[in-house]
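Chemist: Mind looking over this structure? Questions follow.
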Amino acid sequence: MVAKIIDGKVFAAGIREQVASHVERLKADHGISPGLAVVLVGEDPASQVYVRSKGRQTVEAGMTSFEHKLDATTTEAELLELIAALNADPAVHGILVQLPLPAHLDEALVINAIDPDKDVDGFHILNVGRLATGQKSMVPCTPLGCLMMLRDHHGSLSGLNAVVVGRSNIVGKPMAQLLLRDSCTVTIAHSRTRNIQDICRRADILVAAVGRPEMIDSAWIGPGATVLDVGINRIPAPEKGAGKTRLVGDVDFASAREVAGAITPVPGGVGPMTIACLLANTLTAACRAHGLDEPEGLTA
Ligand code: GUN
């Protein structure tokens, strides 16, 4: 079997189009322009690229982008003061503090200072608890993107065996919660899991989010399984020339696609879904803030 390729670029473009048309209606019918504030502290090059991309896509969706670029030496008090101002600003419906923060800033303290209803990352401890207890919450963007792809491919996920490899707060744990909510039988596997290959091979749905280049190959995958690769790893590519690199996922794509039923590539799989879902979450937050119906198909 050669797997169906799930094209995240096409899927994400569809999400962005849906968001943009909802935004257009919000403006026309209610005079509301959803606003997203992105806060970047310091000059981490990868974070700068992400933040620029978030700002551009926010504007392309017809929403308002507020960018706050702060010096690497910003104090915790200064950052908390900015967050308090954004919490109080009615034009700001979503707030995202780009991670990682410089080491002198307490990430948990900063994230938990964001108004949970504006926490479009879904990282605030209240949103984590709401998701775990089945209450209305903001849902982390990457797992939300994965859920949308899985629902699109399978229809109902009820009763399917799902294995999430990786237990991070950003992907692994919320992914497991979302799959459980959709009535999957969920296993979280990690670096200490015994017989991890056997466990993964029994999965109907395998989500790889470990950050280890090409760790999962065909021996880990059951025939016909759906494989979502969340990993984005840069590795040396001497075949492209001296000093060149390329991006690979946590899954050995060439081997895995011979066994899987469907698979996301890297790049162009799960990656583009993250910002698309950030835009969807900002729209959702704006609708909730104004007591309006949430956009159908764009929430968990
Ligand atoms: N850094 C890498 N990914 C993310 C993300 O999804 N949200 C935030 N806030 N920071 C990140």
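By order in the structure tokens, chains are A, B, ...; within a chain, residues start at 1; ligands start at 1, following the order shown.
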Give the strand (DSSP E) residues of region 219-260 of chain A, as assigned by DSSP on the backbone, as JSON, numbers by chain.
Modeler: {"A": [226, 227, 228, 229, 233, 234, 235, 236, 245, 246, 247, 248]}
Chemist: Give one line per residue of chain A that approaches ligand 1 to at most 9 Å, naming the two atoms of the closest pair and their distance in Å to one decimal, counting only C-alpha atoms and all ligand atoms; sort by chain then ascending residue number and deliver it as a Markdown table.
Modeler:
| residue | atom | partner | partner_atom_place_in_ligand_line | distance |
| --- | --- | --- | --- | --- |
| A:Val38 | CA | ligand 1 | 9 (N) | 8.4 |
| A:Val39 | CA | ligand 1 | 9 (N) | 8.6 |
| A:Ala46 | CA | ligand 1 | 2 (C) | 8.7 |
| A:Ser47 | CA | ligand 1 | 1 (N) | 6.8 |
| A:Tyr50 | CA | ligand 1 | 2 (C) | 7.9 |
| A:Ile95 | CA | ligand 1 | 9 (N) | 9.0 |
| A:Leu96 | CA | ligand 1 | 9 (N) | 5.3 |
| A:Val97 | CA | ligand 1 | 9 (N) | 4.8 |
| A:Gln98 | CA | ligand 1 | 9 (N) | 3.8 |
| A:Leu99 | CA | ligand 1 | 10 (N) | 3.8 |
| A:Pro100 | CA | ligand 1 | 1 (N) | 6.0 |
| A:Leu101 | CA | ligand 1 | 10 (N) | 8.8 |
| A:Ile111 | CA | ligand 1 | 9 (N) | 8.8 |
| A:Val120 | CA | ligand 1 | 9 (N) | 8.7 |
| A:Asp121 | CA | ligand 1 | 7 (N) | 5.8 |
| A:Gly122 | CA | ligand 1 | 7 (N) | 8.9 |
| A:Phe123 | CA | ligand 1 | 9 (N) | 8.2 |
| A:Pro140 | CA | ligand 1 | 6 (O) | 7.2 |
| A:Cys141 | CA | ligand 1 | 6 (O) | 6.4 |
| A:Thr142 | CA | ligand 1 | 6 (O) | 6.8 |
| A:Ile170 | CA | ligand 1 | 6 (O) | 7.0 |
| A:Val171 | CA | ligand 1 | 6 (O) | 8.8 |
| A:Thr274 | CA | ligand 1 | 6 (O) | 6.9 |
| A:Ile275 | CA | ligand 1 | 6 (O) | 8.1 |
| A:Leu278 | CA | ligand 1 | 6 (O) | 8.3 |
Chemist: Keeping C-alpha atoms, export the residues of the selection given above as a compact mmCIF listing (two decimals), in the first residue's frame.
Modeler:
# COMPACT_ATOMS: atom_id res chain seq x y z
CA VAL A 38 1.78 38.89 19.24
CA VAL A 39 4.52 39.57 21.76
CA ALA A 46 13.34 31.23 14.35
CA SER A 47 10.86 33.14 16.56
CA TYR A 50 7.28 32.77 13.02
CA ILE A 95 -2.82 37.39 22.80
CA LEU A 96 0.17 35.21 21.94
CA VAL A 97 3.51 35.43 23.72
CA GLN A 98 6.07 33.75 21.47
CA LEU A 99 8.03 30.97 23.19
CA PRO A 100 10.72 30.33 24.20
CA LEU A 101 11.17 33.39 26.40
CA ILE A 111 1.37 32.68 30.18
CA VAL A 120 -5.29 31.84 21.61
CA ASP A 121 -2.40 29.42 22.24
CA GLY A 122 -4.51 27.51 24.78
CA PHE A 123 -1.52 27.32 27.14
CA PRO A 140 -3.60 24.69 21.35
CA CYS A 141 -3.17 25.36 17.63
CA THR A 142 -1.05 22.42 16.45
CA ILE A 170 2.18 22.15 23.63
CA VAL A 171 1.39 19.08 21.50
CA THR A 274 -0.61 25.82 13.18
CA ILE A 275 -0.92 29.45 12.05
CA LEU A 278 -4.17 30.50 15.39
Chemist: For Val23 (chain A), list every protein, DNA or RNA residue within 12 Å, evaluated using only C-alpha atoms, and leave out those in the same chain fewer than 5 positions away; present the list as a list in words.
Modeler: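 Within the cut-off, the hits are Arg16, Glu17, Gln18, Ala28, Asp29, His30, Gly31, Ile32, Ser33, Pro34, Gly35, Thr58, Val59, Glu60, Ala61, Gly62, Met63, Thr64, Leu279, Ala280, Thr282, Leu283, Thr284, Ala286, Cys287, Glu294 and Pro295 of chain A.
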Chemist: Leu86 (chain A): which residues within 9 Å, counting only C-alpha atoms, same-chain residues fewer than 4 positions away excluded, as a list in words?
Modeler: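 After dropping sequence-adjacent residues, the list is Ala37, Glu81, Leu82, Pro90, Ala91, Val92, His93, Gly94, Ile95, Ile114 and Asp115 of chain A.
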Chemist: Could the residues in this selection be written to a file with N, CA and C atoms, as a short mmCIF file (atom, residue, chain, number, x, y, z; two decimals), in the first residue's frame?
Modeler:
data_model
loop_
_atom_site.label_atom_id
_atom_site.label_comp_id
_atom_site.auth_asym_id
_atom_site.auth_seq_id
_atom_site.Cartn_x
_atom_site.Cartn_y
_atom_site.Cartn_z
N ALA A 37 -2.78 40.15 19.14
CA ALA A 37 -1.53 40.76 19.59
C ALA A 37 -0.48 39.66 19.77
N GLU A 81 3.19 44.07 32.64
CA GLU A 81 2.46 45.34 32.45
C GLU A 81 1.85 45.39 31.03
N LEU A 82 2.64 44.96 30.03
CA LEU A 82 2.12 44.93 28.66
C LEU A 82 0.94 43.95 28.57
N PRO A 90 -10.11 46.29 24.43
CA PRO A 90 -11.22 45.59 23.74
C PRO A 90 -10.95 45.32 22.26
N ALA A 91 -9.95 46.00 21.67
CA ALA A 91 -9.63 45.73 20.26
C ALA A 91 -8.77 44.47 20.10
N VAL A 92 -8.24 43.99 21.22
CA VAL A 92 -7.40 42.78 21.21
C VAL A 92 -8.25 41.59 21.68
N HIS A 93 -8.47 40.64 20.76
CA HIS A 93 -9.26 39.44 21.13
C HIS A 93 -8.37 38.24 21.42
N GLY A 94 -7.16 38.27 20.86
CA GLY A 94 -6.22 37.17 21.09
C GLY A 94 -4.85 37.71 21.45
N ILE A 95 -4.19 37.01 22.39
CA ILE A 95 -2.82 37.39 22.80
C ILE A 95 -1.95 36.16 22.70
N ILE A 114 -2.05 35.98 31.06
CA ILE A 114 -2.93 36.31 29.92
C ILE A 114 -4.38 36.00 30.31
N ASP A 115 -5.31 36.87 29.93
CA ASP A 115 -6.74 36.58 30.12
C ASP A 115 -7.04 35.24 29.41
#
Chemist: With a cut-off of 12 Å, could you pull out the residues of region 251-298 of chain A touching region 191-204 of chain A and give me the nearest pair of atoms for each, distance in Å to one decimal, using only C-alpha atoms, ordered by chain and ascending number, as a Markdown table?
Modeler:
| residue | atom | partner | partner_atom | distance |
| --- | --- | --- | --- | --- |
| A:Ala256 | CA | A:Arg201 | CA | 11.5 |
| A:Val259 | CA | A:Arg201 | CA | 10.5 |
| A:Ala260 | CA | A:Asp204 | CA | 9.5 |
| A:Gly261 | CA | A:Asp204 | CA | 9.3 |
| A:Ala262 | CA | A:Asp204 | CA | 10.4 |
| A:Ile263 | CA | A:Asp204 | CA | 11.9 |
Chemist: Could those selected residues go to a file with all heavy atoms, as a compact mmCIF listing (two decimals), in the first residue's frame?
Modeler:
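Okay, part_29.txt is ready:
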# COMPACT_ATOMS: atom_id res chain seq x y z
N ALA A 256 7.73 5.04 5.75
CA ALA A 256 6.39 5.00 6.36
C ALA A 256 5.28 5.00 5.32
O ALA A 256 4.25 4.33 5.50
CB ALA A 256 6.22 6.19 7.30
N VAL A 259 3.60 1.79 4.09
CA VAL A 259 2.77 0.97 5.00
C VAL A 259 1.50 1.71 5.42
O VAL A 259 0.42 1.12 5.53
CB VAL A 259 3.59 0.60 6.27
CG1 VAL A 259 2.74 -0.25 7.21
CG2 VAL A 259 4.85 -0.14 5.89
N ALA A 260 1.63 3.02 5.66
CA ALA A 260 0.51 3.82 6.19
C ALA A 260 -0.62 3.90 5.17
O ALA A 260 -0.41 3.68 3.96
CB ALA A 260 1.01 5.22 6.53
N GLY A 261 -1.82 4.23 5.68
CA GLY A 261 -2.95 4.49 4.79
C GLY A 261 -2.98 5.94 4.35
O GLY A 261 -3.38 6.27 3.24
N ALA A 262 -2.56 6.82 5.27
CA ALA A 262 -2.50 8.25 4.97
C ALA A 262 -1.38 8.84 5.83
O ALA A 262 -1.13 8.37 6.94
CB ALA A 262 -3.82 8.92 5.30
N ILE A 263 -0.74 9.87 5.31
CA ILE A 263 0.43 10.43 6.03
C ILE A 263 0.61 11.90 5.67
O ILE A 263 0.32 12.31 4.54
CB ILE A 263 1.69 9.59 5.69
CG1 ILE A 263 2.90 10.03 6.53
CG2 ILE A 263 2.02 9.65 4.20
CD1 ILE A 263 4.07 9.05 6.48
